[in-house]
$ cat final_23.cif   # mmCIF, C-alpha atoms (C1' of nucleotides)
data_run
#
loop_
_atom_site.group_PDB
_atom_site.id
_atom_site.type_symbol
_atom_site.label_atom_id
_atom_site.label_comp_id
_atom_site.auth_asym_id
_atom_site.auth_seq_id
_atom_site.Cartn_x
_atom_site.Cartn_y
_atom_site.Cartn_z
ATOM 1 C CA VAL A 1 109.647 19.674 -64.839
ATOM 2 C CA ILE A 2 105.965 19.395 -64.107
ATOM 3 C CA THR A 3 105.401 22.964 -65.188
ATOM 4 C CA TYR A 4 107.133 22.348 -68.501
ATOM 5 C CA ASN A 5 105.208 19.147 -69.016
ATOM 6 C CA ALA A 6 101.937 20.915 -68.442
ATOM 7 C CA ALA A 7 103.016 23.497 -71.015
ATOM 8 C CA ILE A 8 103.782 20.764 -73.554
ATOM 9 C CA THR A 9 100.368 19.249 -72.951
ATOM 10 C CA ALA A 10 98.795 22.653 -73.483
ATOM 11 C CA CYS A 11 100.604 22.994 -76.820
ATOM 12 C CA GLY A 12 99.171 19.637 -77.811
ATOM 13 C CA ARG A 13 95.669 20.685 -76.913
ATOM 14 C CA GLY A 14 96.124 23.739 -79.088
ATOM 15 C CA LYS A 15 97.450 21.540 -81.913
ATOM 16 C CA ARG A 16 100.826 23.239 -81.816
ATOM 17 C CA TRP A 17 103.350 20.503 -82.267
ATOM 18 C CA LYS A 18 106.335 22.666 -83.030
ATOM 19 C CA PRO A 19 106.343 24.696 -79.827
ATOM 20 C CA ALA A 20 105.740 21.426 -77.989
ATOM 21 C CA VAL A 21 108.869 19.858 -79.433
ATOM 22 C CA GLU A 22 110.867 23.035 -78.964
ATOM 23 C CA LEU A 23 109.957 23.107 -75.311
ATOM 24 C CA LEU A 24 111.939 19.898 -74.855
ATOM 25 C CA GLN A 25 115.036 21.720 -76.000
ATOM 26 C CA THR A 26 114.223 24.758 -73.930
ATOM 27 C CA MET A 27 114.018 22.555 -70.875
ATOM 28 C CA ARG A 28 117.510 21.239 -71.462
ATOM 29 C CA THR A 29 118.995 24.700 -71.915
ATOM 30 C CA GLN A 30 117.384 25.572 -68.621
ATOM 31 C CA GLY A 31 118.985 22.580 -67.005
ATOM 32 C CA VAL A 32 115.715 20.686 -66.697
ATOM 33 C CA VAL A 33 115.792 17.096 -67.886
ATOM 34 C CA PRO A 34 112.754 16.033 -69.943
ATOM 35 C CA ASP A 35 111.164 12.831 -68.623
ATOM 36 C CA THR A 36 108.764 10.278 -70.058
ATOM 37 C CA PHE A 37 105.850 12.583 -69.277
ATOM 38 C CA SER A 38 107.445 15.318 -71.379
ATOM 39 C CA TYR A 39 107.938 12.984 -74.309
ATOM 40 C CA SER A 40 104.542 11.345 -74.282
ATOM 41 C CA ALA A 41 102.926 14.767 -74.279
ATOM 42 C CA ALA A 42 105.177 15.989 -77.099
ATOM 43 C CA ILE A 43 104.596 12.848 -79.173
ATOM 44 C CA SER A 44 100.871 13.243 -78.680
ATOM 45 C CA ALA A 45 101.112 16.861 -79.823
ATOM 46 C CA CYS A 46 102.764 15.643 -83.030
ATOM 47 C CA LYS A 47 99.974 13.133 -83.446
ATOM 48 C CA LYS A 48 97.321 15.799 -83.237
ATOM 49 C CA CYS A 49 98.989 17.603 -86.124
ATOM 50 C CA GLY A 50 99.535 14.527 -88.246
ATOM 51 C CA ARG A 51 103.311 14.674 -87.745
ATOM 52 C CA TRP A 52 104.038 10.984 -87.435
ATOM 53 C CA GLU A 53 107.649 11.319 -88.514
ATOM 54 C CA ALA A 54 108.357 13.931 -85.883
ATOM 55 C CA ALA A 55 106.723 11.627 -83.356
ATOM 56 C CA LEU A 56 108.962 8.709 -84.312
ATOM 57 C CA LYS A 57 111.960 10.978 -84.206
ATOM 58 C CA LEU A 58 111.183 11.859 -80.614
ATOM 59 C CA LEU A 59 110.923 8.181 -79.817
ATOM 60 C CA ARG A 60 114.391 7.580 -81.245
ATOM 61 C CA GLU A 61 115.687 10.589 -79.390
ATOM 62 C CA MET A 62 114.476 9.109 -76.118
ATOM 63 C CA GLN A 63 116.276 5.886 -76.763
ATOM 64 C CA LYS A 64 119.438 7.682 -77.732
ATOM 65 C CA GLY A 65 119.251 9.724 -74.571
ATOM 66 C CA GLY A 66 118.946 6.586 -72.492
ATOM 67 C CA LEU A 67 115.526 7.543 -71.294
ATOM 68 C CA GLY A 68 113.397 4.429 -70.840
ATOM 69 C CA ARG A 69 110.464 4.369 -73.192
ATOM 70 C CA ASP A 70 107.319 3.548 -71.321
ATOM 71 C CA ARG A 71 103.861 2.521 -72.485
ATOM 72 C CA TYR A 72 102.580 6.074 -72.689
ATOM 73 C CA CYS A 73 105.259 7.178 -75.118
ATOM 74 C CA LEU A 74 105.058 4.083 -77.267
ATOM 75 C CA ASN A 75 101.275 4.159 -77.330
ATOM 76 C CA ALA A 76 101.314 7.820 -78.274
ATOM 77 C CA ALA A 77 103.702 7.007 -81.119
ATOM 78 C CA ILE A 78 101.418 4.243 -82.368
ATOM 79 C CA ALA A 79 98.530 6.691 -82.244
ATOM 80 C CA ALA A 80 100.589 9.218 -84.190
ATOM 81 C CA CYS A 81 101.082 6.642 -86.940
ATOM 82 C CA ALA A 82 97.388 5.797 -86.795
ATOM 83 C CA SER A 83 96.217 9.357 -87.349
ATOM 84 C CA ALA A 84 98.466 9.539 -90.369
ATOM 85 C CA GLY A 85 97.311 6.178 -91.706
ATOM 86 C CA ARG A 86 100.807 4.659 -91.358
ATOM 87 C CA TRP A 87 99.991 1.159 -90.240
ATOM 88 C CA GLN A 88 103.430 -0.339 -90.820
ATOM 89 C CA PRO A 89 105.447 1.643 -88.286
ATOM 90 C CA ALA A 90 102.533 1.272 -85.878
ATOM 91 C CA VAL A 91 102.643 -2.516 -86.161
ATOM 92 C CA LYS A 92 106.393 -2.467 -85.819
ATOM 93 C CA ILE A 93 106.231 -0.639 -82.509
ATOM 94 C CA LEU A 94 103.548 -3.016 -81.265
ATOM 95 C CA ARG A 95 105.621 -6.074 -82.183
ATOM 96 C CA GLU A 96 108.583 -4.626 -80.352
ATOM 97 C CA MET A 97 106.437 -4.132 -77.308
ATOM 98 C CA GLU A 98 105.179 -7.703 -77.554
ATOM 99 C CA THR A 99 108.655 -9.125 -77.688
ATOM 100 C CA ALA A 100 110.749 -6.688 -75.667
ATOM 101 C CA GLY A 101 108.191 -4.922 -73.502
ATOM 102 C CA PRO A 102 106.702 -2.925 -72.052
ATOM 103 C CA LYS A 103 103.791 -5.253 -72.596
ATOM 104 C CA PRO A 104 101.187 -3.625 -74.850
ATOM 105 C CA ASP A 105 97.896 -2.711 -73.220
ATOM 106 C CA VAL A 106 94.445 -2.033 -74.604
ATOM 107 C CA PHE A 107 95.544 1.469 -75.628
ATOM 108 C CA SER A 108 98.326 -0.013 -77.741
ATOM 109 C CA TYR A 109 95.933 -2.377 -79.483
ATOM 110 C CA SER A 110 93.154 0.117 -80.055
ATOM 111 C CA SER A 111 95.695 2.442 -81.619
ATOM 112 C CA VAL A 112 97.234 -0.208 -83.807
ATOM 113 C CA ILE A 113 93.798 -1.340 -84.959
ATOM 114 C CA ASP A 114 93.055 2.266 -85.778
ATOM 115 C CA ALA A 115 96.319 2.480 -87.706
ATOM 116 C CA MET A 116 95.308 -0.538 -89.778
ATOM 117 C CA ALA A 117 91.852 0.874 -90.368
ATOM 118 C CA GLU A 118 93.154 4.306 -91.309
ATOM 119 C CA GLY A 119 95.792 2.718 -93.477
ATOM 120 C CA GLY A 120 93.192 0.868 -95.515
ATOM 121 C CA LYS A 121 93.960 -2.507 -93.948
ATOM 122 C CA LEU A 122 90.451 -3.103 -92.795
ATOM 123 C CA ASN A 123 90.602 -6.879 -92.805
ATOM 124 C CA MET A 124 93.791 -6.787 -90.799
ATOM 125 C CA ALA A 125 92.128 -4.487 -88.287
ATOM 126 C CA LEU A 126 89.106 -6.754 -88.040
ATOM 127 C CA ASN A 127 91.268 -9.837 -87.640
ATOM 128 C CA THR A 128 93.285 -8.207 -84.895
ATOM 129 C CA LEU A 129 90.107 -7.424 -83.013
ATOM 130 C CA LEU A 130 88.820 -10.968 -83.412
ATOM 131 C CA GLU A 131 92.142 -12.364 -82.335
ATOM 132 C CA MET A 132 92.050 -10.295 -79.167
ATOM 133 C CA ARG A 133 88.617 -11.539 -78.423
ATOM 134 C CA SER A 134 89.440 -15.178 -78.981
ATOM 135 C CA ASN A 135 92.653 -15.185 -76.998
ATOM 136 C CA PRO A 136 92.167 -13.327 -73.725
ATOM 137 C CA ALA A 137 95.231 -14.987 -72.250
ATOM 138 C CA ARG A 138 97.497 -13.251 -74.705
ATOM 139 C CA PHE A 139 95.699 -10.042 -75.412
ATOM 140 C CA PRO A 140 93.849 -7.415 -73.435
ATOM 141 C CA VAL A 141 90.079 -7.721 -73.662
ATOM 142 C CA PRO A 142 88.905 -5.397 -76.446
ATOM 143 C CA ASN A 143 87.036 -2.412 -75.104
ATOM 144 C CA THR A 144 84.653 0.165 -76.518
ATOM 145 C CA VAL A 145 87.359 1.996 -78.431
ATOM 146 C CA CYS A 146 88.602 -1.164 -80.143
ATOM 147 C CA TYR A 147 85.094 -1.961 -81.327
ATOM 148 C CA ASN A 148 84.347 1.611 -82.313
ATOM 149 C CA VAL A 149 87.395 1.870 -84.497
ATOM 150 C CA VAL A 150 86.451 -1.285 -86.396
ATOM 151 C CA LEU A 151 82.751 -0.437 -86.565
ATOM 152 C CA LYS A 152 83.523 2.967 -87.953
ATOM 153 C CA ALA A 153 85.906 1.612 -90.549
ATOM 154 C CA LEU A 154 83.457 -1.063 -91.661
ATOM 155 C CA SER A 155 80.592 1.408 -91.783
ATOM 156 C CA TYR A 156 82.402 4.074 -93.699
ATOM 157 C CA GLY A 157 84.016 1.479 -95.890
ATOM 158 C CA GLY A 158 80.649 0.418 -97.240
ATOM 159 C CA ARG A 159 80.617 -2.815 -95.238
ATOM 160 C CA TRP A 160 77.532 -1.939 -93.267
ATOM 161 C CA ARG A 161 76.288 -5.530 -93.120
ATOM 162 C CA GLU A 162 79.371 -6.675 -91.276
ATOM 163 C CA ALA A 163 79.264 -3.600 -89.092
ATOM 164 C CA ARG A 164 75.683 -4.328 -88.114
ATOM 165 C CA ALA A 165 76.420 -7.992 -87.538
ATOM 166 C CA LEU A 166 79.318 -7.145 -85.232
ATOM 167 C CA LEU A 167 77.296 -4.517 -83.431
ATOM 168 C CA ARG A 168 74.437 -6.893 -82.752
ATOM 169 C CA GLU A 169 76.710 -9.698 -81.738
ATOM 170 C CA VAL A 170 78.497 -7.537 -79.198
ATOM 171 C CA ALA A 171 75.226 -6.126 -77.903
ATOM 172 C CA LYS A 172 73.860 -9.621 -77.464
ATOM 173 C CA GLY A 173 77.008 -10.776 -75.765
ATOM 174 C CA SER A 174 76.989 -8.043 -73.170
ATOM 175 C CA LEU A 175 73.315 -8.702 -72.542
ATOM 176 C CA GLU A 176 73.896 -12.380 -71.898
ATOM 177 C CA SER A 177 76.931 -11.985 -69.714
ATOM 178 C CA GLU A 178 75.412 -9.008 -67.916
ATOM 179 C CA THR A 179 78.594 -7.099 -68.429
ATOM 180 C CA PRO A 180 78.298 -3.357 -68.654
ATOM 181 C CA ASP A 181 77.668 -2.152 -72.184
ATOM 182 C CA VAL A 182 80.722 -2.223 -74.361
ATOM 183 C CA LEU A 183 78.984 -0.183 -77.011
ATOM 184 C CA ASP A 184 78.345 3.526 -76.781
ATOM 185 C CA TYR A 185 76.789 6.244 -78.911
ATOM 186 C CA LEU A 186 79.822 6.332 -81.190
ATOM 187 C CA SER A 187 79.372 2.642 -81.988
ATOM 188 C CA TYR A 188 75.753 3.065 -82.976
ATOM 189 C CA ASN A 189 76.181 6.341 -84.799
ATOM 190 C CA ALA A 190 78.926 4.876 -86.936
ATOM 191 C CA VAL A 191 76.739 1.978 -88.016
ATOM 192 C CA ILE A 192 73.706 4.206 -88.553
ATOM 193 C CA TRP A 193 75.787 6.427 -90.799
ATOM 194 C CA GLY A 194 77.091 3.405 -92.641
ATOM 195 C CA CYS A 195 73.584 2.190 -93.360
ATOM 196 C CA ALA A 196 72.433 5.684 -94.241
ATOM 197 C CA ALA A 197 75.271 6.244 -96.671
ATOM 198 C CA ALA A 198 74.413 2.988 -98.398
ATOM 199 C CA GLY A 199 70.784 4.049 -98.740
ATOM 200 C CA GLU A 200 69.703 1.363 -96.290
ATOM 201 C CA VAL A 201 67.098 3.512 -94.618
ATOM 202 C CA GLY A 202 65.317 0.637 -92.947
ATOM 203 C CA LYS A 203 68.494 -0.723 -91.404
ATOM 204 C CA ALA A 204 69.460 2.749 -90.256
ATOM 205 C CA PHE A 205 66.195 3.153 -88.384
ATOM 206 C CA LYS A 206 66.366 -0.363 -87.063
ATOM 207 C CA THR A 207 69.806 0.337 -85.660
ATOM 208 C CA ARG A 208 68.522 3.489 -84.009
ATOM 209 C CA GLY A 209 65.821 1.378 -82.399
ATOM 210 C CA GLU A 210 68.450 -0.979 -81.021
ATOM 211 C CA MET A 211 70.360 2.004 -79.763
ATOM 212 C CA GLN A 212 67.328 3.144 -77.811
ATOM 213 C CA ASP A 213 66.710 -0.368 -76.522
ATOM 214 C CA CYS A 214 70.040 -0.371 -74.777
ATOM 215 C CA GLY A 215 69.471 3.014 -73.285
ATOM 216 C CA ILE A 216 71.657 5.179 -75.490
ATOM 217 C CA ASP A 217 70.177 8.490 -76.539
ATOM 218 C CA ALA A 218 70.182 9.549 -80.137
ATOM 219 C CA ASP A 219 72.045 12.797 -80.622
ATOM 220 C CA ALA A 220 72.210 15.403 -83.358
ATOM 221 C CA PHE A 221 74.622 13.276 -85.332
ATOM 222 C CA THR A 222 72.210 10.347 -85.229
ATOM 223 C CA TYR A 223 69.337 12.448 -86.545
ATOM 224 C CA GLU A 224 71.512 13.940 -89.206
ATOM 225 C CA ALA A 225 72.228 10.455 -90.511
ATOM 226 C CA LEU A 226 68.602 9.398 -90.465
ATOM 227 C CA VAL A 227 67.425 12.534 -92.215
ATOM 228 C CA ALA A 228 70.212 12.207 -94.769
ATOM 229 C CA ALA A 229 69.129 8.627 -95.426
ATOM 230 C CA CYS A 230 65.528 9.690 -96.009
ATOM 231 C CA GLY A 231 66.699 12.524 -98.199
ATOM 232 C CA MET A 232 68.795 10.176 -100.317
ATOM 233 C CA THR A 233 65.748 8.178 -101.266
ATOM 234 C CA GLY A 234 63.703 11.328 -101.740
ATOM 235 C CA ASN A 235 61.427 10.473 -98.874
ATOM 236 C CA TRP A 236 60.936 13.967 -97.523
ATOM 237 C CA GLU A 237 57.883 13.027 -95.490
ATOM 238 C CA ALA A 238 59.921 10.501 -93.548
ATOM 239 C CA ALA A 239 62.699 13.015 -93.150
ATOM 240 C CA GLU A 240 60.322 15.546 -91.690
ATOM 241 C CA ALA A 241 58.706 12.958 -89.451
ATOM 242 C CA THR A 242 62.157 12.066 -88.160
ATOM 243 C CA VAL A 243 62.968 15.665 -87.421
ATOM 244 C CA LEU A 244 59.739 15.938 -85.457
ATOM 245 C CA THR A 245 60.748 13.040 -83.216
ATOM 246 C CA MET A 246 63.750 14.980 -82.035
ATOM 247 C CA PRO A 247 63.508 16.179 -78.468
ATOM 248 C CA GLY A 248 62.479 19.833 -78.520
ATOM 249 C CA ALA A 249 61.408 19.735 -82.146
ATOM 250 C CA THR A 250 57.901 20.912 -81.361
ATOM 251 C CA THR A 251 58.980 23.670 -79.017
ATOM 252 C CA GLY A 252 61.770 25.056 -81.125
ATOM 253 C CA GLY A 253 59.456 25.914 -83.998
ATOM 254 C CA VAL A 254 59.692 24.625 -87.523
ATOM 255 C "C1'" U B 1 102.135 16.730 -65.183
ATOM 256 C "C1'" G B 2 101.740 12.387 -69.881
ATOM 257 C "C1'" U B 3 98.975 7.854 -74.207
ATOM 258 C "C1'" A B 4 93.640 5.429 -77.935
ATOM 259 C "C1'" U B 5 87.945 6.125 -81.245
ATOM 260 C "C1'" U B 6 85.119 11.321 -80.516
ATOM 261 C "C1'" A B 7 82.606 11.923 -86.611
ATOM 262 C "C1'" G B 8 81.523 12.499 -92.873
ATOM 263 C "C1'" A B 9 81.020 19.512 -94.491
#

$ encode --input "final_23.cif" --output "structure tokens"
Amino acid sequence: VITYNAAITACGRGKRWKPAVELLQTMRTQGVVPDTFSYSAAISACKKCGRWEAALKLLREMQKGGLGRDRYCLNAAIAACASAGRWQPAVKILREMETAGPKPDVFSYSSVIDAMAEGGKLNMALNTLLEMRSNPARFPVPNTVCYNVVLKALSYGGRWREARALLREVAKGSLESETPDVLDYLSYNAVIWGCAAAGEVGKAFKTRGEMQDCGIDADAFTYEALVAACGMTGNWEAAEATVLTMPGATTGGV
RNA sequence: UGUAUUAGA
């Protein structure tokens, strides 16, 4: 079984959902019974290819076969809906988990928030995040991924002010409580891109400064955003100056 | 052996 499961996972990594699903059938003809590991890997393979319906079908198949559906399978199914922007089935699975178990974890919520964001329900995604934060007795504490999903959606949805406000609020909060940083380079890059895309060059650079202040290194994606922002306003001198601040810029030749 | 953001070309 473990060998088959590893093969299904490998199909997923290669974005080959069909062979992944077919392997489940192959197992049975070989007298090997697929387990929850097999299904979570196969559902995830569907997710990687945008096949949310195939993913939900596998979930139904598990139930029909009397195989208990665990968190991994349900979370993978929510993620499959998220990648395809189908927020409604994602929410439905989450609600079922809330009422009938297994109790949703932070993976379930980050995925469902992503589903809302990808499905254009940005306010719903934001509210879910805020709800998690305000009710730690009922919900898992939102982690980096939960914030990143919302920050990215706000940023790329043109709501860079809110994205920056949330970013700064979270940064301040983790500073005050001395908790390890919840934000990472993805959080900052998303907001920097959001500012850049809106032509808010100053805010983009300011956000990069805050990124440095909390010890996160700018990467190629960060510089790309900053240069794009300068380019948008036609400020080629600033763009060039930014390029020259990149590590290795003076040794790589320009 | 299995699940979430990982980028906007």

$ interface_residues --input "final_23.cif" --of "chain B" --to "chain A" --cutoff "7 Å" --atoms "all atoms listed in the file" --output "list in words"
U1, G2, U3, A4 and U5 of chain B

$ residues_near_point --input "final_23.cif" --point "(74.2, 6.0, -89.6)" --cutoff "10 Å" --atoms "only C-alpha atoms (C1' of nucleotides)" --output "ChimeraX atom specification"
/A:152,155-156,160,187-201,203-205,207-208,221-229

$ write_last_selection --input "final_23.cif" --atoms "C-alpha atoms" --output "PDB file, in the coordinates of the input"
ATOM      1  CA  LYS A 152      83.523   2.967 -87.953  1.00  0.00           C
ATOM      2  CA  SER A 155      80.592   1.408 -91.783  1.00  0.00           C
ATOM      3  CA  TYR A 156      82.402   4.074 -93.699  1.00  0.00           C
ATOM      4  CA  TRP A 160      77.532  -1.939 -93.267  1.00  0.00           C
ATOM      5  CA  SER A 187      79.372   2.642 -81.988  1.00  0.00           C
ATOM      6  CA  TYR A 188      75.753   3.065 -82.976  1.00  0.00           C
ATOM      7  CA  ASN A 189      76.181   6.341 -84.799  1.00  0.00           C
ATOM      8  CA  ALA A 190      78.926   4.876 -86.936  1.00  0.00           C
ATOM      9  CA  VAL A 191      76.739   1.978 -88.016  1.00  0.00           C
ATOM     10  CA  ILE A 192      73.706   4.206 -88.553  1.00  0.00           C
ATOM     11  CA  TRP A 193      75.787   6.427 -90.799  1.00  0.00           C
ATOM     12  CA  GLY A 194      77.091   3.405 -92.641  1.00  0.00           C
ATOM     13  CA  CYS A 195      73.584   2.190 -93.360  1.00  0.00           C
ATOM     14  CA  ALA A 196      72.433   5.684 -94.241  1.00  0.00           C
ATOM     15  CA  ALA A 197      75.271   6.244 -96.671  1.00  0.00           C
ATOM     16  CA  ALA A 198      74.413   2.988 -98.398  1.00  0.00           C
ATOM     17  CA  GLY A 199      70.784   4.049 -98.740  1.00  0.00           C
ATOM     18  CA  GLU A 200      69.703   1.363 -96.290  1.00  0.00           C
ATOM     19  CA  VAL A 201      67.098   3.512 -94.618  1.00  0.00           C
ATOM     20  CA  LYS A 203      68.494  -0.723 -91.404  1.00  0.00           C
ATOM     21  CA  ALA A 204      69.460   2.749 -90.256  1.00  0.00           C
ATOM     22  CA  PHE A 205      66.195   3.153 -88.384  1.00  0.00           C
ATOM     23  CA  THR A 207      69.806   0.337 -85.660  1.00  0.00           C
ATOM     24  CA  ARG A 208      68.522   3.489 -84.009  1.00  0.00           C
ATOM     25  CA  PHE A 221      74.622  13.276 -85.332  1.00  0.00           C
ATOM     26  CA  THR A 222      72.210  10.347 -85.229  1.00  0.00           C
ATOM     27  CA  TYR A 223      69.337  12.448 -86.545  1.00  0.00           C
ATOM     28  CA  GLU A 224      71.512  13.940 -89.206  1.00  0.00           C
ATOM     29  CA  ALA A 225      72.228  10.455 -90.511  1.00  0.00           C
ATOM     30  CA  LEU A 226      68.602   9.398 -90.465  1.00  0.00           C
ATOM     31  CA  VAL A 227      67.425  12.534 -92.215  1.00  0.00           C
ATOM     32  CA  ALA A 228      70.212  12.207 -94.769  1.00  0.00           C
ATOM     33  CA  ALA A 229      69.129   8.627 -95.426  1.00  0.00           C
TER      34      ALA A 229
END

$ atom_distance --input "final_23.cif" --atom1 "CA of Arg86 in chain A" --atom2 "CA of Ala115 in chain A"
6.2 Å

$ closest_residue --input "final_23.cif" --among "A:Glu162, A:Cys81, A:Met124, A:Gly157" --to "G8 in chain B" --atoms "all atoms listed in the file"
A:Gly157

$ atom_distance --input "final_23.cif" --atom1 "CA of Trp17 in chain A" --atom2 "CA of Cys46 in chain A"
5.0 Å

$ axis_aligned_box --input "final_23.cif" --around "range 199-205 of chain A" --padding-each-side "3 Å" --output "lines of an AutoDock Vina configuration file"
center_x = 68.1
center_y = 1.7
center_z = -93.6
size_x = 11.5
size_y = 10.8
size_z = 16.4

$ residues_near_point --input "final_23.cif" --point "(75.5, 0.6, -71.9)" --cutoff "8 Å" --atoms "all atoms listed in the file" --output "JSON list (two decimals) with C-alpha atoms, in the frame of the given file"
[["chain", "number", "residue", "atom", "x", "y", "z"],
["A", 180, "PRO", "CA", 78.30, -3.36, -68.65],
["A", 181, "ASP", "CA", 77.67, -2.15, -72.18],
["A", 182, "VAL", "CA", 80.72, -2.22, -74.36],
["A", 183, "LEU", "CA", 78.98, -0.18, -77.01],
["A", 184, "ASP", "CA", 78.34, 3.53, -76.78],
["A", 214, "CYS", "CA", 70.04, -0.37, -74.78],
["A", 215, "GLY", "CA", 69.47, 3.01, -73.28],
["A", 216, "ILE", "CA", 71.66, 5.18, -75.49]]

$ atom_distance --input "final_23.cif" --atom1 "CA of Asn143 in chain A" --atom2 "CA of Leu175 in chain A"
15.3 Å

$ closest_residue --input "final_23.cif" --among "A:Ala218, A:Ile93, A:Ala249, A:Ala163" --to "Arg60 in chain A" --atoms "only C-alpha atoms"
A:Ile93

$ closest_residue --input "final_23.cif" --among "A:Ala100, A:Ala54, A:Ala20, A:Ala220" --to "Met246 in chain A" --atoms "only C-alpha atoms"
A:Ala220

$ resolve_selection --input "final_23.cif" --expression "the PyMOL selection byres ((chain A and resi 131-133) around 12)" --output "PyMOL selection string"
chain A and resi 105-106+109-110+113+123-130+134-143+146-147+170+173

$ write_last_selection --input "final_23.cif" --atoms "C-alpha atoms" --output "mmCIF file, keeping the file's coordinate frame"
data_model
loop_
_atom_site.group_PDB
_atom_site.id
_atom_site.type_symbol
_atom_site.label_atom_id
_atom_site.label_comp_id
_atom_site.auth_asym_id
_atom_site.auth_seq_id
_atom_site.Cartn_x
_atom_site.Cartn_y
_atom_site.Cartn_z
ATOM 1 C CA ASP A 105 97.896 -2.711 -73.220
ATOM 2 C CA VAL A 106 94.445 -2.033 -74.604
ATOM 3 C CA TYR A 109 95.933 -2.377 -79.483
ATOM 4 C CA SER A 110 93.154 0.117 -80.055
ATOM 5 C CA ILE A 113 93.798 -1.340 -84.959
ATOM 6 C CA ASN A 123 90.602 -6.879 -92.805
ATOM 7 C CA MET A 124 93.791 -6.787 -90.799
ATOM 8 C CA ALA A 125 92.128 -4.487 -88.287
ATOM 9 C CA LEU A 126 89.106 -6.754 -88.040
ATOM 10 C CA ASN A 127 91.268 -9.837 -87.640
ATOM 11 C CA THR A 128 93.285 -8.207 -84.895
ATOM 12 C CA LEU A 129 90.107 -7.424 -83.013
ATOM 13 C CA LEU A 130 88.820 -10.968 -83.412
ATOM 14 C CA SER A 134 89.440 -15.178 -78.981
ATOM 15 C CA ASN A 135 92.653 -15.185 -76.998
ATOM 16 C CA PRO A 136 92.167 -13.327 -73.725
ATOM 17 C CA ALA A 137 95.231 -14.987 -72.250
ATOM 18 C CA ARG A 138 97.497 -13.251 -74.705
ATOM 19 C CA PHE A 139 95.699 -10.042 -75.412
ATOM 20 C CA PRO A 140 93.849 -7.415 -73.435
ATOM 21 C CA VAL A 141 90.079 -7.721 -73.662
ATOM 22 C CA PRO A 142 88.905 -5.397 -76.446
ATOM 23 C CA ASN A 143 87.036 -2.412 -75.104
ATOM 24 C CA CYS A 146 88.602 -1.164 -80.143
ATOM 25 C CA TYR A 147 85.094 -1.961 -81.327
ATOM 26 C CA VAL A 170 78.497 -7.537 -79.198
ATOM 27 C CA GLY A 173 77.008 -10.776 -75.765
#

$ build_atoms --input "final_23.cif" --residues "range 134-147 of chain A" --atoms "N, CA and C atoms" --output "PDB file, keeping the file's coordinate frame"
ATOM      1  N   SER A 134      89.396 -13.723 -79.094  1.00  0.00           N
ATOM      2  CA  SER A 134      89.440 -15.178 -78.981  1.00  0.00           C
ATOM      3  C   SER A 134      90.600 -15.662 -78.130  1.00  0.00           C
ATOM      4  N   ASN A 135      91.503 -14.763 -77.795  1.00  0.00           N
ATOM      5  CA  ASN A 135      92.653 -15.185 -76.998  1.00  0.00           C
ATOM      6  C   ASN A 135      92.922 -14.232 -75.831  1.00  0.00           C
ATOM      7  N   PRO A 136      92.046 -14.259 -74.847  1.00  0.00           N
ATOM      8  CA  PRO A 136      92.167 -13.327 -73.725  1.00  0.00           C
ATOM      9  C   PRO A 136      93.401 -13.564 -72.863  1.00  0.00           C
ATOM     10  N   ALA A 137      94.032 -14.729 -73.035  1.00  0.00           N
ATOM     11  CA  ALA A 137      95.231 -14.987 -72.250  1.00  0.00           C
ATOM     12  C   ALA A 137      96.415 -14.193 -72.795  1.00  0.00           C
ATOM     13  N   ARG A 138      96.378 -13.946 -74.076  1.00  0.00           N
ATOM     14  CA  ARG A 138      97.497 -13.251 -74.705  1.00  0.00           C
ATOM     15  C   ARG A 138      97.264 -11.762 -74.911  1.00  0.00           C
ATOM     16  N   PHE A 139      96.001 -11.428 -75.067  1.00  0.00           N
ATOM     17  CA  PHE A 139      95.699 -10.042 -75.412  1.00  0.00           C
ATOM     18  C   PHE A 139      94.783  -9.404 -74.374  1.00  0.00           C
ATOM     19  N   PRO A 140      94.842  -8.091 -74.277  1.00  0.00           N
ATOM     20  CA  PRO A 140      93.849  -7.415 -73.435  1.00  0.00           C
ATOM     21  C   PRO A 140      92.452  -7.584 -74.034  1.00  0.00           C
ATOM     22  N   VAL A 141      91.457  -7.603 -73.189  1.00  0.00           N
ATOM     23  CA  VAL A 141      90.079  -7.721 -73.662  1.00  0.00           C
ATOM     24  C   VAL A 141      89.725  -6.439 -74.425  1.00  0.00           C
ATOM     25  N   PRO A 142      89.239  -6.600 -75.660  1.00  0.00           N
ATOM     26  CA  PRO A 142      88.905  -5.397 -76.446  1.00  0.00           C
ATOM     27  C   PRO A 142      87.816  -4.566 -75.763  1.00  0.00           C
ATOM     28  N   ASN A 143      88.001  -3.293 -75.741  1.00  0.00           N
ATOM     29  CA  ASN A 143      87.036  -2.412 -75.104  1.00  0.00           C
ATOM     30  C   ASN A 143      86.243  -1.615 -76.139  1.00  0.00           C
ATOM     31  N   THR A 144      85.499  -0.658 -75.651  1.00  0.00           N
ATOM     32  CA  THR A 144      84.653   0.165 -76.518  1.00  0.00           C
ATOM     33  C   THR A 144      85.441   0.784 -77.673  1.00  0.00           C
ATOM     34  N   VAL A 145      86.603   1.302 -77.382  1.00  0.00           N
ATOM     35  CA  VAL A 145      87.359   1.996 -78.431  1.00  0.00           C
ATOM     36  C   VAL A 145      87.780   1.023 -79.534  1.00  0.00           C
ATOM     37  N   CYS A 146      88.211  -0.172 -79.135  1.00  0.00           N
ATOM     38  CA  CYS A 146      88.602  -1.164 -80.143  1.00  0.00           C
ATOM     39  C   CYS A 146      87.431  -1.467 -81.078  1.00  0.00           C
ATOM     40  N   TYR A 147      86.274  -1.685 -80.503  1.00  0.00           N
ATOM     41  CA  TYR A 147      85.094  -1.961 -81.327  1.00  0.00           C
ATOM     42  C   TYR A 147      84.715  -0.753 -82.171  1.00  0.00           C
TER      43      TYR A 147
END
